[in-house]
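Since the structure comes first, as structure tokens, the remarks are kept for the end.
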Amino acid sequence: MPDARDVSPYDALLLLSFGGPEGPDDVVPFLENVTRGRGIPKERLKEVGQHYFLFGGVSPINDQNRALLDALRKDFAEHGLDLPVYWGNRNWAPYLTDTLREMVRDGRRRILVLATSAYASYSGCRQYRENLADALAALEAEGLELPKVDKLRHYFNHPGFLEPMIDGVLRSLAELPEDVRDGAHLAFSTHSIPTASADTSGPVEEHGDGGAYVKQHLDVAQQIADVVRERTGVDHPWQLVYQSRSGAPHIPWLEPDICDHLDERHAAGAPAVVIAPIGFVSDHMEVLYDLDTEAKARAEELGLPMRRSATVGADPRFAAAIRELVAERAAVERGQDVTPCALGALGASHNLCPVGCCPARAPRPVAAGADSTYA
């Protein structure tokens, strides 16, 4: 590994996330931001917002990002890494454009971006790059000097992301009644996306059935299942499942849905299930509602013992992984030879998103890629 204290040429790290409401009055405006341009009536947004109102109108994602910010700053300071960390969101305060403006006024000129999405997909990568381009365009219109912005590579197979999830599955298995523990099935859950988006995820050479999105999740699931077998001596059956579908019924999305999967596992005689939300960095609303509320209720209806393992969140190992990724990318930018850290069969992801990677339905300006509008 390169010297983690040398982060030149970078002078700041930006944590870029989705954002979420922080009170009942925020819910509909937040959903209007998320769905802007789709023509969804406000009354329909109020219906969708019921998930948030069940939790007092507050999404946990912002507090979880604050915790991750604290963990990153603590880890950086303990390891002598002098790199300020900022935070901006796509859909709620602190907004990305406002944060980038603050960074520019603070004199930041080479910015690394950490997106709270570990895998390749349009919504998990390219859309963030579009948001960065929009924010840079806004600053350019204000006459501000634009910084150079790069995005950290996908970290789905970094040990600092995998190890906390492995521990979470092991803890959840240990919490099951002893008489059903060894027979428990593992359901590795991630966000469902349209199959057309999945098929075109990742670089062009990886496009096809499920694309890089499905391939990367399967690799993570296999690695976790293998380590669980090694540590417990039990080979638990597992499957990749999906949740949080939000599209029109006639458009194909990735399946099976987690609740349908619980029905199938119960019918097949599975004595218990552990749900591992490997597609999510933190326990935000889609984890709390779709898994801890809906899936939990379905399991209880079936009389199927179920546990849900933790996401990575602000685990110190994840913060250390980000520090390592920052040092790795900085060394690459300085022209040094670097052996990237990655586990599993797929190897380390690309540093620079290539042309045609996770394409949008209609071309839009992007940042932080080979096709960047703001190089």
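Numbering starts fresh at 1 for the residues of each chain in the structure tokens, the chains themselves are lettered A, B, ... in the order given, and ligands are numbered from 1 as they appear.
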Contact residues around Leu16 (chain A) with only C-alpha atoms at 6 Å, ignoring same-chain residues under 4 positions, as an NGL selection string: :A and (88-89 or 114-115)
Who sits within 10 Å of Ala270 (chain A), only C-alpha atoms, same chain under 3 positions skipped, as a VMD selection string: chain A and resid 180 183 to 185 237 262 264 to 267 273 304 to 305
Residues as selected, all heavy atoms, written as a compact mmCIF listing (two decimals), in the first residue's frame, can you do that?
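Everything below was put into result_37.txt:
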```
# COMPACT_ATOMS: atom_id res chain seq x y z
N VAL A 180 -33.03 -24.26 14.94
CA VAL A 180 -33.22 -23.90 13.53
C VAL A 180 -31.97 -23.26 12.93
O VAL A 180 -31.93 -22.99 11.73
CB VAL A 180 -34.43 -22.94 13.36
CG1 VAL A 180 -35.71 -23.60 13.82
CG2 VAL A 180 -34.20 -21.62 14.08
N GLY A 183 -29.96 -24.95 9.96
CA GLY A 183 -30.73 -25.08 8.71
C GLY A 183 -31.15 -23.76 8.11
O GLY A 183 -31.83 -23.74 7.07
N ALA A 184 -30.73 -22.66 8.71
CA ALA A 184 -31.17 -21.34 8.24
C ALA A 184 -30.66 -21.05 6.84
O ALA A 184 -29.52 -21.38 6.48
CB ALA A 184 -30.69 -20.26 9.21
N HIS A 185 -31.50 -20.42 6.04
CA HIS A 185 -31.13 -19.96 4.71
C HIS A 185 -30.68 -18.51 4.80
O HIS A 185 -31.15 -17.74 5.65
CB HIS A 185 -32.32 -20.07 3.75
CG HIS A 185 -32.64 -21.47 3.36
ND1 HIS A 185 -32.88 -21.85 2.06
CD2 HIS A 185 -32.77 -22.60 4.10
CE1 HIS A 185 -33.14 -23.14 2.01
NE2 HIS A 185 -33.09 -23.62 3.24
N PRO A 237 -27.63 -22.68 2.67
CA PRO A 237 -28.12 -22.30 1.33
C PRO A 237 -28.33 -20.79 1.27
O PRO A 237 -28.71 -20.17 2.26
CB PRO A 237 -29.46 -23.04 1.21
CG PRO A 237 -29.43 -24.10 2.26
CD PRO A 237 -28.57 -23.57 3.36
N LEU A 262 -39.42 -15.13 0.97
CA LEU A 262 -39.77 -15.71 2.27
C LEU A 262 -40.90 -16.72 2.11
O LEU A 262 -40.88 -17.79 2.74
CB LEU A 262 -40.16 -14.60 3.24
CG LEU A 262 -39.04 -13.65 3.67
CD1 LEU A 262 -39.61 -12.54 4.56
CD2 LEU A 262 -37.93 -14.39 4.40
N GLU A 264 -41.52 -18.51 -0.54
CA GLU A 264 -40.95 -19.69 -1.20
C GLU A 264 -40.11 -20.52 -0.23
O GLU A 264 -40.17 -21.75 -0.23
CB GLU A 264 -40.09 -19.24 -2.39
CG GLU A 264 -40.89 -18.60 -3.51
CD GLU A 264 -40.01 -17.86 -4.51
OE1 GLU A 264 -38.76 -17.86 -4.31
OE2 GLU A 264 -40.55 -17.26 -5.46
N ARG A 265 -39.31 -19.86 0.59
CA ARG A 265 -38.46 -20.60 1.54
C ARG A 265 -39.32 -21.33 2.57
O ARG A 265 -39.02 -22.47 2.94
CB ARG A 265 -37.51 -19.63 2.25
CG ARG A 265 -36.40 -19.04 1.39
CD ARG A 265 -35.52 -20.11 0.77
NE ARG A 265 -36.05 -20.58 -0.50
CZ ARG A 265 -35.89 -21.80 -0.98
NH1 ARG A 265 -35.23 -22.71 -0.28
NH2 ARG A 265 -36.40 -22.16 -2.14
N HIS A 266 -40.38 -20.68 3.02
CA HIS A 266 -41.28 -21.33 3.98
C HIS A 266 -41.95 -22.54 3.35
O HIS A 266 -42.03 -23.61 3.96
CB HIS A 266 -42.32 -20.33 4.47
CG HIS A 266 -43.31 -20.91 5.42
ND1 HIS A 266 -44.59 -21.26 5.05
CD2 HIS A 266 -43.19 -21.24 6.74
CE1 HIS A 266 -45.23 -21.75 6.10
NE2 HIS A 266 -44.41 -21.74 7.14
N ALA A 267 -42.44 -22.37 2.12
CA ALA A 267 -43.11 -23.48 1.43
C ALA A 267 -42.15 -24.64 1.19
O ALA A 267 -42.56 -25.81 1.17
CB ALA A 267 -43.69 -23.00 0.10
N VAL A 273 -34.56 -17.93 8.33
CA VAL A 273 -33.88 -17.12 7.30
C VAL A 273 -33.14 -15.98 7.97
O VAL A 273 -33.65 -15.35 8.90
CB VAL A 273 -34.89 -16.55 6.28
CG1 VAL A 273 -34.20 -15.57 5.33
CG2 VAL A 273 -35.55 -17.66 5.48
N LEU A 304 -42.08 -18.01 10.41
CA LEU A 304 -40.72 -18.32 9.97
C LEU A 304 -39.73 -17.48 10.77
O LEU A 304 -39.70 -16.25 10.65
CB LEU A 304 -40.58 -18.00 8.48
CG LEU A 304 -39.22 -18.24 7.81
CD1 LEU A 304 -38.89 -19.73 7.80
CD2 LEU A 304 -39.22 -17.68 6.39
N PRO A 305 -38.90 -18.09 11.62
CA PRO A 305 -37.89 -17.32 12.35
C PRO A 305 -36.99 -16.56 11.38
O PRO A 305 -36.47 -17.14 10.42
CB PRO A 305 -37.11 -18.39 13.11
CG PRO A 305 -38.06 -19.54 13.24
CD PRO A 305 -38.86 -19.53 11.97
```
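The residue set within 7 Å of region 129-132 of chain A, counting only C-alpha atoms and dropping same-chain residues fewer than 3 places from it, reads Arg90, Cys125, Arg126, Ala135, Leu136, Arg364, Pro365, Val366, Ala367 and Ala368 of chain A.
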Kindly export the residues of the current selection with N, CA, C and O atoms, as a PDB file, in the first residue's frame.
```pdb
ATOM      1  N   ARG A  90     -27.781  14.505  -2.769  1.00  0.00           N
ATOM      2  CA  ARG A  90     -28.486  14.705  -4.031  1.00  0.00           C
ATOM      3  C   ARG A  90     -29.843  15.354  -3.836  1.00  0.00           C
ATOM      4  O   ARG A  90     -30.262  16.184  -4.637  1.00  0.00           O
ATOM      5  N   CYS A 125     -24.105   5.019  -9.508  1.00  0.00           N
ATOM      6  CA  CYS A 125     -22.841   5.615  -9.916  1.00  0.00           C
ATOM      7  C   CYS A 125     -23.056   6.751 -10.916  1.00  0.00           C
ATOM      8  O   CYS A 125     -22.809   7.907 -10.609  1.00  0.00           O
ATOM      9  N   ARG A 126     -23.527   6.421 -12.113  1.00  0.00           N
ATOM     10  CA  ARG A 126     -23.604   7.463 -13.153  1.00  0.00           C
ATOM     11  C   ARG A 126     -24.509   8.624 -12.749  1.00  0.00           C
ATOM     12  O   ARG A 126     -24.199   9.785 -13.046  1.00  0.00           O
ATOM     13  N   ALA A 135     -23.922  20.267 -10.553  1.00  0.00           N
ATOM     14  CA  ALA A 135     -23.429  21.185  -9.519  1.00  0.00           C
ATOM     15  C   ALA A 135     -22.271  22.028 -10.049  1.00  0.00           C
ATOM     16  O   ALA A 135     -22.200  23.243  -9.793  1.00  0.00           O
ATOM     17  N   LEU A 136     -21.375  21.407 -10.798  1.00  0.00           N
ATOM     18  CA  LEU A 136     -20.253  22.150 -11.370  1.00  0.00           C
ATOM     19  C   LEU A 136     -20.738  23.188 -12.378  1.00  0.00           C
ATOM     20  O   LEU A 136     -20.202  24.300 -12.449  1.00  0.00           O
ATOM     21  N   ARG A 364     -26.583  12.854 -20.793  1.00  0.00           N
ATOM     22  CA  ARG A 364     -26.496  14.056 -19.964  1.00  0.00           C
ATOM     23  C   ARG A 364     -25.041  14.302 -19.614  1.00  0.00           C
ATOM     24  O   ARG A 364     -24.245  13.365 -19.584  1.00  0.00           O
ATOM     25  N   PRO A 365     -24.672  15.536 -19.325  1.00  0.00           N
ATOM     26  CA  PRO A 365     -23.299  15.811 -18.900  1.00  0.00           C
ATOM     27  C   PRO A 365     -22.967  15.050 -17.625  1.00  0.00           C
ATOM     28  O   PRO A 365     -23.812  14.876 -16.738  1.00  0.00           O
ATOM     29  N   VAL A 366     -21.718  14.575 -17.533  1.00  0.00           N
ATOM     30  CA  VAL A 366     -21.255  13.848 -16.359  1.00  0.00           C
ATOM     31  C   VAL A 366     -19.890  14.379 -15.944  1.00  0.00           C
ATOM     32  O   VAL A 366     -19.177  15.005 -16.727  1.00  0.00           O
ATOM     33  N   ALA A 367     -19.525  14.096 -14.710  1.00  0.00           N
ATOM     34  CA  ALA A 367     -18.194  14.413 -14.203  1.00  0.00           C
ATOM     35  C   ALA A 367     -17.524  13.102 -13.788  1.00  0.00           C
ATOM     36  O   ALA A 367     -18.158  12.051 -13.730  1.00  0.00           O
ATOM     37  N   ALA A 368     -16.219  13.174 -13.505  1.00  0.00           N
ATOM     38  CA  ALA A 368     -15.468  12.067 -12.915  1.00  0.00           C
ATOM     39  C   ALA A 368     -15.518  10.781 -13.740  1.00  0.00           C
ATOM     40  O   ALA A 368     -15.814   9.705 -13.224  1.00  0.00           O
TER      41      ALA A 368
END
```
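Nearest residue to Pro316 (chain A), choosing from A:Leu81, A:Asp150, A:Val28, A:Pro164 and counting only C-alpha atoms: A:Pro164.
Rounded to one decimal, CA of Gln64 (chain A) and CA of Gly313 (chain A) lie 6.8 Å from each other.
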Skip Gly369 (chain A) itself and residues of its chain fewer than 3 positions away, then list as a PyMOL selection string all residues within 10 Å of it, counting only C-alpha atoms. chain A and resi 126+129+149-151+351-355+357+366+372-375
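Considering the residues A:Asp167, A:Arg5, A:Glu328, A:Gly160 and counting only C-alpha atoms, Gly80 (chain A) has its shortest atom-to-atom contact with A:Arg5.
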Enumerate the residues of region 160-352 of chain A with a DSSP assignment of alpha helix (DSSP H), computed from the backbone, and present them as a count of residues only. 87
Would you pick out the contacts of Ser244 (chain A) at 8 Å or less, using only C-alpha atoms, so that residues sharing its chain but fewer than 2 positions from it are not included, and give the list as a PDB file with C-alpha atoms, in the first residue's frame?
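As a result, out-v3.pdb now contains:
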```
ATOM      1  CA  HIS A 191     -32.212  -2.743  -4.275  1.00  0.00           C
ATOM      2  CA  SER A 192     -34.190  -3.990  -7.245  1.00  0.00           C
ATOM      3  CA  TYR A 242     -34.305  -7.837  -4.188  1.00  0.00           C
ATOM      4  CA  SER A 246     -40.743   1.455  -7.203  1.00  0.00           C
ATOM      5  CA  GLU A 286     -35.478   1.164   2.682  1.00  0.00           C
ATOM      6  CA  ASP A 290     -38.846  -2.945   3.497  1.00  0.00           C
TER       7      ASP A 290
END
```
Please give the complete set of residues from region 84-299 of chain A that DSSP, run on the backbone, assigns to strand (DSSP E or B), formatted as a ChimeraX atom specification. /A:85-89,95,110-115,148-151,185-191,194,238-243,253,257,273-276
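Coordinates place CA of Ser8 (chain A) at a distance of 8.3 Å from CA of Glu333 (chain A).
Nearest residue to Leu139 (chain A) among A:Arg323, A:His51, A:Lys46, A:Arg105 is A:Arg105, counting only C-alpha atoms.
Nearest-residue note for Arg245 (chain A): choosing from A:Thr190, A:Thr200, A:Gln216, A:Ser349, the minimum distance belongs to A:Thr190, counting only C-alpha atoms.
Interatomic distance, CA of Ser201 (chain A) against CA of Gly247 (chain A): 17.8 Å.
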Determine, counting only C-alpha atoms, which protein, DNA and RNA residues have an atom within 10 Å of an atom of Val287 (chain A); residues of the same chain fewer than 3 positions away are not included. Present the result as a PyMOL selection string. chain A and resi 189-191+243-244+277+279-280+282-284+290-295+308+310-311
Which residues come within 8 Å of Gly168 (chain A), counting only C-alpha atoms, excluding same-chain residues fewer than 2 positions away, as a PyMOL selection string? chain A and resi 164-166+170-172+276+309-311
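Shortest atom-to-atom contact with Gly303 (chain A) among A:Gly269, A:Ala212, A:Leu45, A:Asp226: A:Gly269, counting only C-alpha atoms.
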